[in-house]
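Chemist: Just so it is clear, I am handing over input.txt, which has compact mmCIF, C-alpha atoms.
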# COMPACT_ATOMS: atom_id res chain seq x y z
CA MET A 202 5.99 21.99 46.20
CA THR A 203 3.56 20.19 48.50
CA HIS A 204 1.56 17.13 47.41
CA GLU A 205 -1.53 19.35 47.57
CA GLU A 206 0.03 21.81 45.11
CA ILE A 207 1.17 18.99 42.84
CA GLN A 208 -2.35 17.60 42.74
CA GLN A 209 -3.63 21.03 41.76
CA LEU A 210 -1.21 20.97 38.83
CA ALA A 211 -2.42 17.47 38.02
CA ALA A 212 -6.00 18.80 37.89
CA LEU A 213 -5.02 21.50 35.38
CA ASP A 214 -2.96 19.04 33.37
CA ALA A 215 -5.88 16.60 33.15
CA ILE A 216 -7.92 19.13 31.16
CA GLY A 217 -4.91 20.26 29.12
CA ALA A 218 -4.67 23.61 30.93
CA ALA A 219 -1.23 23.28 32.58
CA THR A 220 1.61 25.34 31.12
CA ALA A 221 4.68 23.56 29.77
CA ASP A 222 6.66 24.42 32.92
CA GLU A 223 3.87 23.17 35.19
CA ALA A 224 3.57 19.96 33.23
CA ALA A 225 7.33 19.33 33.50
CA GLU A 226 7.27 19.98 37.25
CA LEU A 227 4.35 17.55 37.58
CA ARG A 228 6.12 14.75 35.63
CA ARG A 229 9.21 15.08 37.82
CA HIS A 230 7.16 14.69 40.97
CA LEU A 231 4.98 11.84 39.67
CA ALA A 232 8.06 9.84 38.75
CA THR A 233 8.81 9.40 42.46
CA CYS A 234 5.43 9.74 44.23
CA ALA A 235 2.92 6.88 44.02
CA ASP A 236 0.18 8.74 45.95
CA CYS A 237 0.19 11.72 43.62
CA ARG A 238 0.39 9.35 40.64
CA ARG A 239 -2.82 7.67 41.78
CA ALA A 240 -4.47 11.07 42.26
CA ALA A 241 -3.35 12.14 38.79
CA ASP A 242 -4.73 8.93 37.25
CA GLU A 243 -8.11 9.60 38.89
CA LEU A 244 -8.12 13.20 37.71
CA ASN A 245 -7.30 12.07 34.15
CA GLU A 246 -10.06 9.48 34.27
CA ALA A 247 -12.57 12.08 35.50
CA ALA A 248 -11.48 14.60 32.85
CA ALA A 249 -11.80 12.01 30.08
CA LEU A 250 -15.31 11.15 31.17
CA LEU A 251 -16.25 14.81 30.60
CA ALA A 252 -16.54 13.76 26.98
CA LEU A 253 -19.72 11.91 27.92
CA GLY A 254 -21.29 15.25 28.69
CA VAL A 255 -21.61 15.66 24.92
CA ASP A 256 -24.35 13.87 22.98
CA PRO A 257 -23.11 10.81 21.12
CA VAL A 258 -23.45 10.99 17.33
CA ALA A 259 -23.31 7.98 15.06
CA PRO A 260 -20.47 8.48 12.54
CA PRO A 261 -21.12 7.66 8.87
CA ALA A 262 -20.69 3.99 7.98
CA HIS A 263 -17.76 4.63 5.63
CA VAL A 264 -15.54 5.58 8.60
CA LYS A 265 -15.96 2.13 10.14
CA GLN A 266 -15.39 0.44 6.78
CA SER A 267 -12.22 2.41 6.29
CA VAL A 268 -10.98 1.65 9.83
CA LEU A 269 -11.58 -2.08 9.45
CA ARG A 270 -10.05 -2.17 5.98
CA ASN A 271 -6.94 -0.46 7.31
CA VAL A 272 -6.53 -2.51 10.47
CA GLY A 273 -7.06 -5.68 8.45
CA ARG A 274 -4.28 -4.60 6.15
CA ALA A 275 -2.05 -3.24 8.92
CA SER A 276 -1.51 -6.27 11.08
CA ALA A 277 -2.20 -9.95 11.41
CA ARG A 278 -3.01 -10.52 7.77
CA PRO A 279 0.29 -9.50 6.19
CA VAL A 280 2.03 -11.98 8.48
CA LEU A 281 -0.44 -14.66 7.49
CA GLN A 282 -0.21 -13.76 3.81
CA TRP A 283 3.56 -13.78 4.01
CA ARG A 284 3.52 -17.18 5.62
CA LEU A 285 1.08 -18.50 3.05
CA SER A 286 3.10 -17.26 0.11
CA ALA A 287 6.30 -18.61 1.65
CA ALA A 288 4.60 -21.97 2.12
CA ALA A 289 3.32 -21.85 -1.47
CA ALA A 290 6.79 -21.04 -2.78
CA ILE A 291 8.38 -23.89 -0.83
CA PHE A 292 5.67 -26.27 -2.06
CA LEU A 293 6.22 -25.17 -5.67
CA VAL A 294 9.98 -25.64 -5.43
CA LEU A 295 9.56 -29.10 -3.88
CA TRP A 296 7.00 -30.06 -6.50
CA LEU A 297 9.21 -28.93 -9.39
CA TRP A 298 12.19 -30.72 -7.88
CA THR A 299 10.22 -33.94 -7.37
CA THR A 300 8.84 -33.78 -10.91
CA ALA A 301 12.32 -33.26 -12.32
CA GLN A 302 13.61 -36.17 -10.26
CA MET A 303 10.81 -38.41 -11.52
CA ARG A 304 11.41 -37.38 -15.12
CA SER A 305 15.11 -38.09 -14.82
CA ALA A 306 14.34 -41.45 -13.15
CA ARG A 307 11.99 -42.34 -16.04
CA ASP A 308 14.68 -41.40 -18.57
CA GLU A 309 17.18 -43.54 -16.69
CA ILE A 310 14.81 -46.52 -16.72
CA ALA A 311 14.22 -46.15 -20.46
CA ARG A 312 17.95 -45.95 -21.10
CA LEU A 313 18.64 -49.03 -18.95
CA LYS A 314 15.92 -50.99 -20.78
CA SER A 315 17.39 -50.09 -24.12
CA ASP A 316 20.88 -51.06 -22.90
CA ARG A 317 19.52 -54.35 -21.59
CA ASP A 318 17.89 -55.19 -24.95
CA LYS A 319 21.08 -54.39 -26.79
CA LEU A 320 23.10 -56.41 -24.34
CA SER A 321 20.91 -59.50 -24.62
CA ALA A 322 21.07 -59.24 -28.42
CA THR A 323 24.81 -58.99 -28.09
CA ILE A 324 25.07 -62.00 -25.81
CA ALA A 325 22.86 -64.02 -28.15
CA ALA A 326 25.06 -63.07 -31.05
CA MET A 327 28.33 -63.61 -29.30
CA SER A 328 28.49 -67.34 -29.66
CA GLY A 329 31.23 -67.90 -32.20
CA SER A 330 31.73 -64.20 -32.70
CA ARG A 331 34.92 -62.21 -32.90
CA VAL A 332 35.61 -59.19 -30.70
CA ILE A 333 37.68 -56.26 -31.82
CA GLN A 334 38.82 -53.78 -29.23
CA LEU A 335 39.40 -50.19 -30.20
CA ALA A 336 41.88 -48.09 -28.20
CA GLY A 337 41.76 -44.39 -27.43
CA GLN A 338 44.05 -42.18 -29.48
CA GLU A 339 45.78 -38.94 -28.60
CA ALA A 340 42.53 -36.93 -28.78
CA ALA A 341 40.93 -39.21 -26.14
CA PRO A 342 43.48 -41.54 -24.51
CA ARG A 343 40.95 -42.94 -22.02
CA ALA A 344 38.30 -43.82 -24.62
CA SER A 345 37.63 -47.40 -25.66
CA ALA A 346 35.18 -49.49 -27.69
CA ASN A 347 34.25 -53.17 -28.09
CA VAL A 348 33.05 -54.38 -31.47
CA PHE A 349 31.19 -57.68 -31.35
CA LEU A 350 31.09 -59.15 -34.85
CA ASP A 351 28.16 -61.38 -35.74
CA PRO A 352 29.21 -62.81 -39.11
CA SER A 353 26.15 -65.07 -39.46
CA GLN A 354 23.88 -62.04 -39.56
CA ARG A 355 26.55 -59.77 -41.14
CA ARG A 356 26.20 -57.30 -38.35
CA ALA A 357 28.18 -55.93 -35.44
CA PHE A 358 27.33 -54.44 -32.06
CA VAL A 359 29.64 -51.66 -31.04
CA PHE A 360 29.86 -50.13 -27.52
CA PHE A 361 31.84 -46.92 -27.03
CA HIS A 362 33.05 -45.63 -23.67
CA GLY A 363 34.87 -42.57 -22.42
CA LEU A 364 34.62 -40.43 -25.54
CA PRO A 365 34.45 -36.64 -24.98
CA PRO A 366 30.86 -35.40 -25.52
CA ASN A 367 30.58 -34.14 -29.11
CA ALA A 368 29.49 -30.57 -29.86
CA GLN A 369 26.07 -29.92 -31.44
CA ASP A 370 27.57 -29.40 -34.87
CA LYS A 371 29.78 -32.56 -34.74
CA SER A 372 29.21 -36.31 -34.90
CA TYR A 373 31.44 -39.30 -34.33
CA GLN A 374 31.80 -41.55 -37.35
CA LEU A 375 32.84 -45.24 -37.37
CA TRP A 376 34.94 -46.40 -40.28
CA ILE A 377 35.78 -49.88 -41.51
CA ILE A 378 39.10 -50.30 -43.27
CA ARG A 379 38.74 -53.25 -45.63
CA ALA A 380 41.54 -55.51 -46.73
CA ASP A 381 40.39 -55.23 -50.30
CA GLN A 382 39.89 -51.43 -50.48
CA VAL A 383 42.14 -48.46 -49.80
CA LYS A 384 39.28 -46.09 -48.96
CA PRO A 385 37.69 -46.43 -45.50
CA GLN A 386 33.99 -47.31 -45.55
CA SER A 387 31.55 -45.50 -43.27
CA ALA A 388 29.82 -47.86 -40.82
CA GLY A 389 27.62 -45.27 -39.07
CA VAL A 390 27.38 -41.98 -37.31
CA PHE A 391 26.70 -41.57 -33.60
CA ASN A 392 26.60 -39.09 -30.74
CA VAL A 393 27.72 -39.85 -27.19
CA ASP A 394 25.73 -39.08 -24.03
CA ALA A 395 26.94 -36.87 -21.20
CA GLY A 396 28.95 -39.79 -19.80
CA GLY A 397 30.77 -40.26 -23.11
CA ASN A 398 28.97 -43.57 -23.90
CA ALA A 399 27.25 -44.71 -27.10
CA SER A 400 26.26 -47.89 -28.84
CA LEU A 401 25.76 -48.68 -32.50
CA VAL A 402 24.51 -51.64 -34.53
CA VAL A 403 26.24 -52.00 -37.88
CA GLN A 404 24.32 -53.83 -40.58
CA ASN A 405 25.52 -55.25 -43.92
CA LEU A 406 28.94 -55.89 -42.50
CA PRO A 407 31.62 -56.99 -44.95
CA VAL A 408 32.70 -60.60 -44.66
CA ASP A 409 34.72 -61.10 -41.48
CA THR A 410 37.99 -61.75 -43.22
CA MET A 411 37.76 -58.54 -45.25
CA ILE A 412 37.82 -56.33 -42.08
CA LYS A 413 41.33 -55.09 -41.52
CA ALA A 414 40.70 -52.37 -38.96
CA LEU A 415 38.15 -50.00 -37.46
CA ALA A 416 38.48 -46.34 -36.52
CA VAL A 417 36.41 -43.50 -35.12
CA THR A 418 36.84 -39.88 -36.16
CA LEU A 419 35.07 -36.66 -35.19
CA GLU A 420 33.34 -35.18 -38.24
CA PRO A 421 30.82 -32.46 -39.12
CA ARG A 422 27.35 -33.32 -37.94
CA GLY A 423 25.73 -36.12 -39.91
CA GLY A 424 29.02 -37.52 -41.13
CA VAL A 425 31.09 -37.24 -44.31
CA PRO A 426 31.85 -39.63 -47.26
CA ALA A 427 35.53 -39.92 -46.35
CA PRO A 428 37.25 -39.26 -43.01
CA THR A 429 38.53 -35.71 -42.54
CA GLY A 430 38.71 -35.28 -38.75
CA GLN A 431 40.98 -36.35 -35.96
CA LYS A 432 41.11 -40.07 -34.98
CA TYR A 433 39.65 -40.88 -31.56
CA LEU A 434 39.67 -44.69 -31.61
CA VAL A 435 41.56 -47.26 -33.62
CA GLY A 436 41.65 -51.05 -33.49
CA SER A 437 42.25 -54.10 -35.64
CA MET B 273 -19.21 -4.50 41.50
CA ASP B 274 -21.87 -2.47 39.72
CA LEU B 275 -22.59 -2.31 36.02
CA VAL B 276 -20.47 0.77 35.36
CA SER B 277 -17.30 -0.39 37.07
CA ALA B 278 -17.75 -3.84 35.53
CA ARG B 279 -17.86 -2.27 32.07
CA LEU B 280 -15.02 0.15 32.74
CA SER B 281 -12.74 -2.64 33.90
CA LYS B 282 -13.10 -4.35 30.51
CA HIS B 283 -11.03 -3.45 27.46
CA PRO B 284 -12.63 -5.16 24.46
CA LEU B 285 -11.00 -2.90 21.86
CA CYS B 286 -7.43 -3.57 23.01
CA ASP B 287 -8.17 -7.26 23.48
CA ALA B 288 -9.42 -7.45 19.90
CA ALA B 289 -6.43 -5.53 18.58
CA LEU B 290 -3.94 -7.73 20.43
CA ALA B 291 -5.68 -10.83 19.14
CA GLY B 292 -5.74 -9.37 15.61
CA ASN B 293 -9.50 -9.98 15.63
CA THR B 294 -11.06 -7.42 13.27
CA LEU B 295 -14.59 -8.71 13.89
CA ALA B 296 -14.35 -8.09 17.65
CA PHE B 297 -12.58 -4.80 16.94
CA GLY B 298 -15.54 -3.76 14.78
CA ALA B 299 -17.97 -4.63 17.60
CA ALA B 300 -15.98 -2.53 20.11
CA TYR B 301 -15.82 0.28 17.53
CA ASP B 302 -19.63 0.31 17.43
CA GLU B 303 -19.72 0.93 21.20
CA TYR B 304 -17.13 3.69 21.33
CA ALA B 305 -17.38 5.48 18.00
CA PRO B 306 -20.59 7.55 18.57
CA LEU B 307 -19.24 8.85 21.84
CA LEU B 308 -15.87 9.83 20.33
CA TYR B 309 -17.47 11.26 17.21
CA GLY B 310 -19.79 13.43 19.34
CA LEU B 311 -16.75 14.71 21.26
CA LEU B 312 -14.77 15.43 18.09
CA LEU B 313 -17.68 17.29 16.51
CA ARG B 314 -17.91 19.40 19.66
CA VAL B 315 -14.17 20.15 19.59
CA LEU B 316 -13.66 20.59 15.84
CA ARG B 317 -17.08 21.73 14.61
CA ASP B 318 -16.30 20.12 11.29
CA ALA B 319 -17.58 16.71 10.23
CA GLY B 320 -14.71 15.98 7.81
CA ASP B 321 -12.02 16.73 10.38
CA ALA B 322 -13.93 14.84 13.07
CA GLN B 323 -14.22 11.73 10.88
CA GLU B 324 -10.56 11.88 10.00
CA ILE B 325 -9.45 12.11 13.64
CA LEU B 326 -11.94 9.42 14.63
CA GLN B 327 -10.42 7.05 12.12
CA GLU B 328 -6.89 7.98 13.19
CA THR B 329 -7.78 7.33 16.84
CA PHE B 330 -9.01 3.80 16.15
CA LEU B 331 -6.06 2.99 13.93
CA THR B 332 -3.70 4.17 16.67
CA ALA B 333 -5.61 2.10 19.24
CA TRP B 334 -5.13 -0.94 16.99
CA THR B 335 -1.39 -0.45 16.63
CA ASP B 336 -0.72 0.84 20.17
CA ALA B 337 -3.03 -1.50 22.10
CA ARG B 338 0.02 -2.87 23.89
CA LYS B 339 0.63 0.56 25.45
CA PHE B 340 -2.75 0.60 27.19
CA ASP B 341 -2.30 0.12 30.94
CA ALA B 342 -5.50 -0.98 32.67
CA SER B 343 -4.05 -0.22 36.10
CA ARG B 344 -3.98 3.49 35.28
CA GLY B 345 -7.46 4.04 33.87
CA SER B 346 -10.27 2.68 31.75
CA GLU B 347 -10.05 1.87 28.05
CA LEU B 348 -12.86 4.37 27.53
CA ALA B 349 -10.80 7.17 29.13
CA TRP B 350 -7.71 6.10 27.18
CA LEU B 351 -9.58 6.40 23.89
CA ILE B 352 -11.18 9.69 24.84
CA SER B 353 -7.84 11.28 25.81
CA MET B 354 -6.34 10.09 22.55
CA ALA B 355 -9.20 11.45 20.46
CA ARG B 356 -9.37 14.71 22.41
CA SER B 357 -5.67 15.53 22.24
CA ARG B 358 -5.58 14.75 18.51
CA GLY B 359 -8.71 16.85 18.04
CA ILE B 360 -7.19 19.79 19.95
CA ASP B 361 -3.95 19.49 17.92
CA ARG B 362 -5.97 19.62 14.70
CA LEU B 363 -7.94 22.62 16.02
CA ARG B 364 -4.74 24.52 16.85
CA ALA B 365 -3.19 23.68 13.49
CA ARG B 366 -6.31 25.00 11.79
CA GLN B 367 -6.19 28.18 13.87
CA ARG B 368 -2.53 28.67 12.99
CA ARG B 369 -3.52 28.43 9.35
CA GLY B 370 -5.67 31.45 10.09
CA GLN B 371 -9.10 29.95 9.77
CA ARG B 372 -9.71 31.44 13.12
CA GLU B 373 -13.10 30.84 14.28
CA GLN B 374 -15.82 32.64 12.73
CA GLU B 375 -16.44 28.95 12.97
CA ALA B 376 -16.27 29.13 16.77
CA GLY B 377 -19.79 30.38 16.92
CA ARG B 378 -20.91 27.89 14.32
CA GLU B 379 -22.93 25.13 15.86
CA ILE B 380 -22.96 21.71 14.38
CA SER B 381 -26.53 21.22 13.27
CA LYS B 382 -27.94 19.24 16.13
CA VAL B 383 -27.95 15.61 15.21
CA THR B 384 -30.80 13.98 16.99
CA SER B 385 -29.22 11.24 18.92
CA ASP B 386 -30.79 7.89 18.15
CA VAL B 387 -27.53 6.25 19.07
CA ASP B 388 -27.77 2.90 20.78
CA ASP B 389 -25.51 3.78 23.71
CA PRO B 390 -24.40 0.93 25.98
CA VAL B 391 -26.28 1.06 29.28
CA ALA B 392 -23.11 1.58 31.32
CA PHE B 393 -22.20 4.60 29.21
CA ARG B 394 -25.66 6.05 29.72
CA GLU B 395 -25.15 5.80 33.47
CA ILE B 396 -21.80 7.55 33.28
CA ARG B 397 -23.32 10.19 31.04
CA ALA B 398 -26.02 10.87 33.61
CA ALA B 399 -23.40 11.14 36.37
CA VAL B 400 -21.25 13.52 34.31
CA ARG B 401 -24.19 15.75 33.48
CA SER B 402 -25.42 15.96 37.04
CA ALA B 403 -21.89 16.66 38.28
CA LEU B 404 -21.52 19.44 35.70
CA GLN B 405 -24.89 20.89 36.64
CA GLU B 406 -23.88 21.06 40.25
CA LEU B 407 -20.92 23.25 39.34
CA PRO B 408 -21.26 27.04 39.49
CA ASP B 409 -21.52 28.45 35.93
CA ALA B 410 -18.14 30.21 36.18
CA GLN B 411 -16.38 26.95 37.10
CA ARG B 412 -18.16 24.95 34.45
CA SER B 413 -17.40 27.37 31.64
CA ALA B 414 -13.70 27.62 32.59
CA LEU B 415 -13.55 23.82 32.57
CA GLU B 416 -15.27 23.52 29.21
CA MET B 417 -13.13 26.21 27.58
CA ALA B 418 -10.02 24.27 28.54
CA TYR B 419 -11.30 20.79 27.79
CA PHE B 420 -13.35 21.26 24.64
CA ASP B 421 -11.81 24.38 23.13
CA GLY B 422 -8.20 23.68 24.11
CA LEU B 423 -7.66 27.15 25.55
CA SER B 424 -4.76 27.81 27.91
CA GLN B 425 -5.21 29.32 31.40
CA SER B 426 -4.10 32.73 30.20
CA GLU B 427 -6.34 32.62 27.12
CA ILE B 428 -9.31 31.81 29.34
CA ALA B 429 -8.37 34.56 31.78
CA ALA B 430 -8.09 37.04 28.92
CA ARG B 431 -11.36 35.95 27.36
CA LEU B 432 -13.26 36.22 30.67
CA GLY B 433 -11.41 39.34 31.84
CA GLU B 434 -10.49 37.63 35.13
CA PRO B 435 -7.13 37.29 36.93
CA LEU B 436 -5.16 34.13 36.08
CA GLY B 437 -5.20 32.97 39.74
CA THR B 438 -8.98 33.08 39.80
CA ILE B 439 -9.20 30.93 36.70
CA LYS B 440 -6.78 28.37 38.17
CA THR B 441 -8.78 28.21 41.36
CA ARG B 442 -12.06 27.72 39.49
CA MET B 443 -10.64 24.93 37.39
CA ASN B 444 -9.15 23.27 40.46
CA LEU B 445 -12.42 23.35 42.35
CA ALA B 446 -14.29 22.00 39.36
CA MET B 447 -11.84 19.14 38.89
CA LYS B 448 -11.91 18.28 42.57
CA LYS B 449 -15.66 17.85 42.34
CA LEU B 450 -15.45 15.78 39.17
CA ARG B 451 -12.78 13.55 40.66
CA GLU B 452 -15.00 12.86 43.66
CA ARG B 453 -17.90 11.98 41.41
CA LEU B 454 -16.19 10.28 38.47
CA GLY B 455 -12.53 9.57 39.16
CA ALA B 456 -13.09 6.46 41.18
CA PHE B 457 -15.86 5.01 39.03
CA ARG B 458 -13.77 1.99 38.22
CA MET B 459 -12.70 1.32 41.78
CA ARG B 460 -16.14 1.30 43.35
As structure tokens, what does this structure read like?

Modeler:
Amino acid sequence: MTHEEIQQLAALDAIGAATADEAAELRRHLATCADCRRAADELNEAAALLALGVDPVAPPAHVKQSVLRNVGRASARPVLQWRLSAAAAIFLVLWLWTTAQMRSARDEIARLKSDRDKLSATIAAMSGSRVIQLAGQEAAPRASANVFLDPSQRRAFVFFHGLPPNAQDKSYQLWIIRADQVKPQSAGVFNVDAGGNASLVVQNLPVDTMIKALAVTLEPRGGVPAPTGQKYLVGS
Amino acid sequence: MDLVSARLSKHPLCDAALAGNTLAFGAAYDEYAPLLYGLLLRVLRDAGDAQEILQETFLTAWTDARKFDASRGSELAWLISMARSRGIDRLRARQRRGQREQEAGREISKVTSDVDDPVAFREIRAAVRSALQELPDAQRSALEMAYFDGLSQSEIAARLGEPLGTIKTRMNLAMKKLRERLGAFRMR
């Protein structure tokens, strides 16, 4: 086919009147011929402008509203919205994390203050006091406790370390075994923190010489009148 | 560069779409929509169908703006070809469904055109109309049957009772004339 004949096909194609075979023939030629491609572009442009031969008519306003609503939804915004919600999610996570950190820091400070107060009371009381060390038993070989006796005030400060955390329905119970009594006397009930530590102040302590030994058992929550559970700490 | 070629070398709709700027897209819509809607009413003779295709055309322009190639033609022509071919497809689908035109004779009630057409478009419109008027009736009607009614060469030949070769020749002569008058609008 000559270029002239190809451009005749291009003219028919521009107004949608070429047959399928003619259109295929045209595409094959245009793929390799820049001159005919330019001619075809001009013919397409001219054919398109035929539409201006028709009177323009303003479409109803709802068409524009619908177009804009759809393009707004279809493109840039989802990306923006996605970014915003991702940013919001990251912010929320960071905020929650920071808040949790601050709460845990506050708890830590409160705990340290309370420890400090107990410690200074202990140090004040220690002058002329006797210390009994309790050793871990089979149930908790690594556990230990220091009992600082303050006979002048008939009290004792006890610090426990390395005990296994007690279950919700259990409590540790400290017992005093007196020289003058067979039955152990309860000196208090306590729970340990996650690190296995606890402290206890025992009031109305028997006279120093009457204390033969101390022991800690694990009992039902709230304690029992006489020891029933396994021994965790013993010392004398 | 005159007013028309200056306008035709711009592509505000695609620019707006690529920038994701709905406000600018809306402004470009206002320029093009009456022209495309007029065309679709002429092709489809049904306001509902015309509005649907109009909307589809603009949505496609938004998503396919990247495919527009300014070196091959104007944005105006790109939009028109898109609207026209979709309109013709809808027309054929309707005809296949057997609603064959009693509607063909039905004229859209003439909407008096108080459309605020951009000046450049008015100039092109004047050039198109004078070019069409200069064509012999037989050439013009063959052209219009193909372009607006989507008829094939053989359908036109059958409808006019003329040999196929004659129809091809008429359409070729008509397009040659239009190309001389309109095809190089942008390059002037």

Chemist: What is the CA of Gly424 in chain A to CA of Asn347 in chain A distance in Å?

Modeler: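 If I compute the distance from CA of Gly424 in chain A to CA of Asn347 in chain A, I get 21.0 Å.
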
Chemist: For Asp389 in chain B, please output as a list in words all residues within 9 Å (counting all atoms listed in the file; exclusion window: fewer than 3 positions along the same chain).

Modeler: Pro257 of chain A; Glu303, Tyr304, Pro306, Leu307, Asp386, Ala392, Phe393 and Arg394 of chain B

Chemist: Please check the contacts: residues of chain A at most 6 Å away from chain B, using only C-alpha atoms, listed as a list in words.

Modeler: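 The selection requested is Ala212, Ile216, Ala218, Asp242, Glu243, Leu244, Glu246, Ala247, Ala249, Ala252, Leu253, Gly254, Asp256, Pro257, Val258, Ala259, Val268 and Ala277 of chain A.
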
Chemist: Between CA of Asp394 in chain A and CA of Pro428 in chain A, measure the distance and give it in Å to one decimal.

Modeler: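 Between CA of Asp394 in chain A and CA of Pro428 in chain A the gap is 22.2 Å.
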
Chemist: Could you list as a PyMOL selection string every residue that has an atom within 8 Å of (34.3, -48.7, -34.5), using the file's coordinates and counting all atoms listed in the file?

Modeler: chain A and resi 335+346-348+359+375-377+388+415-417+434-436

Chemist: Neighbouring residues of Thr418 in chain A were defined as those with any atom within 7 Å, considering only C-alpha atoms; residues of the same chain fewer than 6 positions away were excluded. Please report them as a PyMOL selection string.

Modeler: chain A and resi 373-375+428+430-433

Chemist: Measuring atom to atom with all atoms listed in the file, identify which of A:Leu350, A:Arg355, A:Pro426, A:Pro366 is nearest to Gly389 in chain A.

Modeler: A:Pro426

Chemist: To one decimal in Å, tell me the separation between CA of Glu223 in chain A and CA of Ile207 in chain A.

Modeler: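 So the answer is 9.1 Å.
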
Chemist: Any idea what's packed within 9 Å of Asn405 in chain A, counting all atoms listed in the file, ignoring anything in its chain fewer than 6 positions away? Could you give it as an mmCIF file with C-alpha atoms, keeping the file's coordinate frame?

Modeler:
data_model
loop_
_atom_site.group_PDB
_atom_site.id
_atom_site.type_symbol
_atom_site.label_atom_id
_atom_site.label_comp_id
_atom_site.auth_asym_id
_atom_site.auth_seq_id
_atom_site.Cartn_x
_atom_site.Cartn_y
_atom_site.Cartn_z
ATOM 1 C CA GLN A 354 23.880 -62.040 -39.560
ATOM 2 C CA ARG A 355 26.550 -59.770 -41.140
ATOM 3 C CA ARG A 356 26.200 -57.300 -38.350
ATOM 4 C CA ALA A 357 28.180 -55.930 -35.440
#

Chemist: Which polymer residues have any atom within 6 Å of an atom of range 342-344 of chain A, counting all atoms listed in the file, with same-chain residues fewer than 6 positions away left out, as a PyMOL selection string?

Modeler: chain A and resi 362-364

Chemist: List the neighbours of Pro421 in chain A out to 8 Å using all atoms listed in the file; skip same-chain residues closer than 4 positions along the sequence, and give me the result as a tab-separated table (two decimals) with C-alpha atoms, in the frame of the given file.

Modeler:
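Saved result, selection.tsv, follows:
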chain	number	residue	atom	x	y	z
A	370	ASP	CA	27.57	-29.40	-34.87
A	371	LYS	CA	29.78	-32.56	-34.74
A	372	SER	CA	29.21	-36.31	-34.90
A	425	VAL	CA	31.09	-37.24	-44.31

Chemist: How big is the axis-aligned box around all listed atoms of range 226-238 of chain A once 6 Å goes on each side, and where's its centre, in Å to one decimal, as lines of an AutoDock Vina configuration file?

Modeler:
center_x = 4.7
center_y = 13.4
center_z = 40.8
size_x = 21.0
size_y = 25.1
size_z = 22.3
